[in-house]
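Student: First, the structure itself, so that you have it in front of you.
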Amino acid sequence: MGFRGGRRLLWAMVLMLAAVLAAPAVARTVLDLDPELQPVALLDWGDAWTDESGRASAATVAADPAIRWAPTRADAIYPLTTGKALWIRFTVPPAPDNERWYLEIPYPSVNLVSLYTPDPLGNWVHQSAGDSLPVAGWPVPHRHPLLPIAVSAENPRSYLLRVENPHSFSAPLSFVSESYFSRREQRTSLILGIYFGLAGLAAVLALLSAVSLRDNAYGHYALAVTTMALTQASMTGIAGLHLWPGLPRWNDVSSLVLPVLTTASFVWFLSAVVSMPERSPRLHRAMATLSLLGLPVAVAICLVEPALRYRLQVPYAASGALAGIVTLLWAARRGDRYALWLLAAFTPVVVGAVFPLARTWGLIPVSFWTQHGMQVGIAFELPLILVILMLRSQARRENNRRIQGLDRLDPATGLINAQVFGERLGRMIARSQRLRHQSAVLLVDIVNIGQIRRDFDRRSAEEMPLRVAGRLLSAAREIDSVARLSDTRFGMLVEGPVSPEEAATLGPRIVARCLMPYKGLPEGCVAQVRVAYALVPRQGPTAEIVLGRLAQRLTGIPPESKRAVFMIPDYK
């Protein structure tokens with residue numbers, strides 16, 4: 001073993017002995033900057049003390065024997081506020097100095113951290129990072145504070161870390177080497193790039209859909225996704241590093257202001273997506289008021305004393321989430337088919353938001369879930385919401401088409417109505433005259449609706465015309481037309497050329513189809529129909545004449561008649 005190795009071993013033994021003497025009940029972890037075990041956590045190797053006045057200097061803290069230091073803990077939550085400072089002292093034992101090491105504070109929103117170390121003259125020099133400083137001016141511009149430390153292969157080095165934060169501080173301190181840090185950041189950048197790419201794509205698609213489909217719900221969603229992406233960029237430090245590296249004041253408050261604006265955007269979006277203005281104007285006004293309240297809350301967060309900011313942000317975010325859940329449940333009870341799906345899609349985001357809110361309130365320490373819980377939830381939420389919005393838009397377009405087509409379609413069966421049937425019959429007669437062939441037109445009456453109501457039930461009687469409409473459609477070709485002319489009367493146009501023999505078989509086929517059993521209806525519950533048919537233009541030169549003669553023929557049939565198919569004579 002060489003001289004240098006012997007000194008390192010001796011120093012390690014001294015440090016271990018000092019730790020045992022300082023805490024005889026519990027042995028403290030020895031800091032070992034092992035490149036194979038990164039990140040290297042500080043754990044309980046350091047000592048912590050809270051300066052209630054916030055005015056102590058590094059020299060005073062290092063020399064004052066009256067300070068009551070306590071061992072650091074990885075899960076410790078230190079209750080800070082404006083005017084207080086947390087001091088942490090630690091010593092880095094001798095370690096290989098073949099690459100650079102950093103002290104990592106994985107908390108992008110920390111207000112100010114300063115790392116002090118004595119120079120050869122005994123003066124304490126420092127380097128600082130945090131929201132109160134421009135990210136571009138940090139020792140290492142990064143998403144969160146990353147402070148270089150000097151490592152010696154022979155001598156230990158002492159450090160003091162000073163932390164200022166308007167609310168509690170609980171970030172686990174760790175040490176990383178330059179090579180490890182570079183590899184990890186490549187993976188992190190890939191994951192964050194995928195996330196923000198997904199958010200950007202969702203915002204663009206929502207905006208384009210709002211313009212093309214003229215649906216304001218998409219516009220509200222585009223705004224909500226944009227503010228949500230900015231919120232995550234602020235909370236992960238991406239915004240401070242790339243979007244506003246020279247704006248420390250805004251970087252400091254953005255992690256509290258942007259969640260408020262995101263909550264306000266989503267409250268308005270939920271009101272729009274469940275059609276709250278049409279369902280309940282009063283509730284919509286309440287939701288709009290809550291959404292607009294986000295603006296003065298955001299302004300107040302920028303103006304109040306830093307220690308009071310989270311007391312405005314957390315209640316508003318919680319109120320917005322509760323209002324959104326209540327809104328979706330209210331809409332679901334009133335028949336909104338997509339409300340419960342929206343609630344399921346938002347559930348991962350609401351659960352993920354609990355962690356950073358609890359961290360801001362000082363209930364839990366900084367962890368993976370406090371920093372990335374919402375991102376995980378949003379990764380599930382974004383595609384689900386887009387799919388739900390597309391299904392909703394498709395249903396709305398189909399409903400609008402049905403409403404616009406009520407003057408031409410029967411709303412119950414989707415068949416053309418009497419007006420369209422007459423227009424098509426007139427065009428079919430004109431084609432038949434021009435092409436010198438015959439086409440067929442049929443009127444079909446259901447004659448046993450009253451008997452079905454008496455023998456079975458009202459529901460079967462009401463459902464029977466819909467079943468007959470399906471049978472007529474199955475009997476028609478693609479070029480033929482089927483219409484509902486009244487509650488129990490239907491019409492069919494059969495494009496020619498049609499011979500008299502072929503026309504004579506149409507009626508019996510329809511009668512036989514209607515007498516077949518219907519799935520879901522009681523046995524024996526079938527439709528008895530009568531069919532009157534004509535060849536055009538041979539048995540009528542105009543639509544009015546043909547329909548009048550067919551209706552007259554069906555009206556003149558005695559109720560007790562067993563005959564089902566009738567043909568009208570040639571027109572003279």
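Numbering starts fresh at 1 for the residues of each chain in the structure tokens, the chains themselves are lettered A, B, ... in the order given, and ligands are numbered from 1 as they appear.
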Find the spatial neighbours of Ser168 (chain A), counting only C-alpha atoms, within a cut-off of 7 Å - ignore same-chain residues fewer than 4 positions away - and output them as a ChimeraX atom specification.
Tutor: /A:77-81,362
Student: Give the strand (DSSP E) residues of region 106-315 of chain A, as assigned by DSSP on the backbone, as a ChimeraX atom specification.
Tutor: /A:112-118,124-129,146-149,157-164,174-177
Student: Counting only C-alpha atoms, what is within 10 Å of Gln433 (chain A), bar same-chain residues fewer than 3 positions away, as an mmCIF file with N, CA and C atoms, in the first residue's frame?
Tutor:
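This is the output file selection.cif:
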data_model
loop_
_atom_site.group_PDB
_atom_site.id
_atom_site.type_symbol
_atom_site.label_atom_id
_atom_site.label_comp_id
_atom_site.auth_asym_id
_atom_site.auth_seq_id
_atom_site.Cartn_x
_atom_site.Cartn_y
_atom_site.Cartn_z
ATOM 1 N N ARG A 427 -88.939 12.283 -60.130
ATOM 2 C CA ARG A 427 -87.733 12.122 -60.948
ATOM 3 C C ARG A 427 -87.665 10.719 -61.547
ATOM 4 N N MET A 428 -88.125 9.696 -60.791
ATOM 5 C CA MET A 428 -88.108 8.334 -61.314
ATOM 6 C C MET A 428 -89.082 8.186 -62.486
ATOM 7 N N ILE A 429 -90.250 8.850 -62.395
ATOM 8 C CA ILE A 429 -91.203 8.805 -63.515
ATOM 9 C C ILE A 429 -90.603 9.465 -64.744
ATOM 10 N N ALA A 430 -89.929 10.595 -64.549
ATOM 11 C CA ALA A 430 -89.302 11.278 -65.685
ATOM 12 C C ALA A 430 -88.214 10.421 -66.310
ATOM 13 N N ARG A 436 -87.757 4.900 -71.615
ATOM 14 C CA ARG A 436 -88.769 4.005 -72.177
ATOM 15 C C ARG A 436 -88.807 2.646 -71.470
ATOM 16 N N HIS A 437 -88.842 2.683 -70.149
ATOM 17 C CA HIS A 437 -89.033 1.450 -69.386
ATOM 18 C C HIS A 437 -89.963 1.736 -68.214
ATOM 19 N N GLN A 438 -90.314 0.675 -67.504
ATOM 20 C CA GLN A 438 -91.234 0.796 -66.377
ATOM 21 C C GLN A 438 -90.461 0.659 -65.062
ATOM 22 N N SER A 439 -90.853 1.439 -64.062
ATOM 23 C CA SER A 439 -90.365 1.321 -62.687
ATOM 24 C C SER A 439 -91.556 1.070 -61.777
ATOM 25 N N VAL A 536 -94.890 2.686 -63.226
ATOM 26 C CA VAL A 536 -94.885 4.051 -63.753
ATOM 27 C C VAL A 536 -93.913 4.130 -64.925
ATOM 28 N N PRO A 537 -94.262 4.947 -65.909
ATOM 29 C CA PRO A 537 -95.396 5.906 -65.974
ATOM 30 C C PRO A 537 -96.697 5.298 -66.494
ATOM 31 N N ARG A 538 -96.719 3.972 -66.669
ATOM 32 C CA ARG A 538 -97.883 3.341 -67.266
ATOM 33 C C ARG A 538 -99.140 3.560 -66.459
ATOM 34 N N PRO A 541 -98.932 9.353 -64.738
ATOM 35 C CA PRO A 541 -97.891 10.187 -65.360
ATOM 36 C C PRO A 541 -97.170 11.115 -64.377
#
Student: Give me every alpha helix (DSSP H) residue in region 346-542 of chain A, going by DSSP on the backbone, as a ChimeraX atom specification.
Tutor: /A:346-361,368-404,418-435,449-455,458-475,500-515
Student: Between CA of Glu381 (chain A) and CA of Leu201 (chain A), measure the distance and give it in Å to one decimal.
Tutor: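 So the answer is 13.4 Å.
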Student: Excluding region 295-297 of chain A and residues on its chain fewer than 6 positions from it, collect all residues at most 10 Å away from it, counting only C-alpha atoms, and give them as JSON, numbers by chain.
Tutor: {"A": [257, 260, 261, 264, 303, 309, 312, 313, 316]}
Student: Got a sec: who's within 8 Å of region 43-58 of chain A, counting only C-alpha atoms, leaving out chain neighbours fewer than 4 positions off, as a PyMOL selection string?
Tutor: chain A and resi 28-31+62+67-74+83-91+116+124+160+172-173
Student: Do you know which residues are at most 10 Å from Ser254 (chain A) counting only C-alpha atoms, after dropping those on the same chain fewer than 5 positions away, and could you put them as a list in words?
Tutor: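 Neighbouring residues, sequence-local ones excluded: Ser109, Asp131, Leu230, Thr231, Ala233, Ser234, Met235, Ala239, Gly240, Pro248, Arg249, Pro259, Val260, Ala298, Ile301 and Cys302 of chain A.
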Student: Give me the residues within 10 Å of Arg337 (chain A) as a list in words, counting only C-alpha atoms and dropping any in the same chain fewer than 6 places off.
Tutor: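 The residues that qualify are Val274, Ala331 and Arg392 of chain A.
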Student: For the selection you just gave me, I'd like the residues written to a file as a PDB file, in the first residue's frame, keeping all heavy atoms.
Tutor:
ATOM      1  N   VAL A 274     -68.908  19.959 -21.154  1.00  0.00           N
ATOM      2  CA  VAL A 274     -70.164  19.312 -20.752  1.00  0.00           C
ATOM      3  C   VAL A 274     -71.370  20.183 -21.084  1.00  0.00           C
ATOM      4  O   VAL A 274     -72.474  19.918 -20.602  1.00  0.00           O
ATOM      5  CB  VAL A 274     -70.164  18.975 -19.247  1.00  0.00           C
ATOM      6  CG1 VAL A 274     -69.031  18.024 -18.909  1.00  0.00           C
ATOM      7  CG2 VAL A 274     -70.068  20.228 -18.392  1.00  0.00           C
ATOM      8  N   ALA A 331     -72.867  16.483 -14.536  1.00  0.00           N
ATOM      9  CA  ALA A 331     -73.209  16.271 -15.944  1.00  0.00           C
ATOM     10  C   ALA A 331     -73.538  14.806 -16.219  1.00  0.00           C
ATOM     11  O   ALA A 331     -74.445  14.499 -17.007  1.00  0.00           O
ATOM     12  CB  ALA A 331     -72.059  16.744 -16.838  1.00  0.00           C
ATOM     13  N   ARG A 392     -66.828  13.104 -29.025  1.00  0.00           N
ATOM     14  CA  ARG A 392     -67.871  14.100 -28.731  1.00  0.00           C
ATOM     15  C   ARG A 392     -68.191  14.930 -29.963  1.00  0.00           C
ATOM     16  O   ARG A 392     -69.368  15.176 -30.276  1.00  0.00           O
ATOM     17  CB  ARG A 392     -67.394  14.999 -27.590  1.00  0.00           C
ATOM     18  CG  ARG A 392     -68.283  16.198 -27.297  1.00  0.00           C
ATOM     19  CD  ARG A 392     -67.678  17.022 -26.174  1.00  0.00           C
ATOM     20  NE  ARG A 392     -68.396  18.270 -25.956  1.00  0.00           N
ATOM     21  CZ  ARG A 392     -68.161  19.389 -26.634  1.00  0.00           C
ATOM     22  NH1 ARG A 392     -67.204  19.399 -27.569  1.00  0.00           N
ATOM     23  NH2 ARG A 392     -68.868  20.483 -26.376  1.00  0.00           N
TER      24      ARG A 392
END
Student: Would you please work out which residue, of A:Leu146, A:Leu442, A:Ile449, A:Ile388, is nearest to Arg484 (chain A) when using only C-alpha atoms?
Tutor: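 Ranking A:Leu146, A:Leu442, A:Ile449, A:Ile388 by distance to Arg484 (chain A), first place goes to A:Leu442.
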Student: Have a look at CA of Val494 (chain A) and CA of Val441 (chain A) and let me know their distance in Å, one decimal.
Tutor: 6.1 Å
Student: What is the CA of Glu104 (chain A) to CA of Val125 (chain A) distance in Å?
Tutor: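 It comes out at 18.5 Å.
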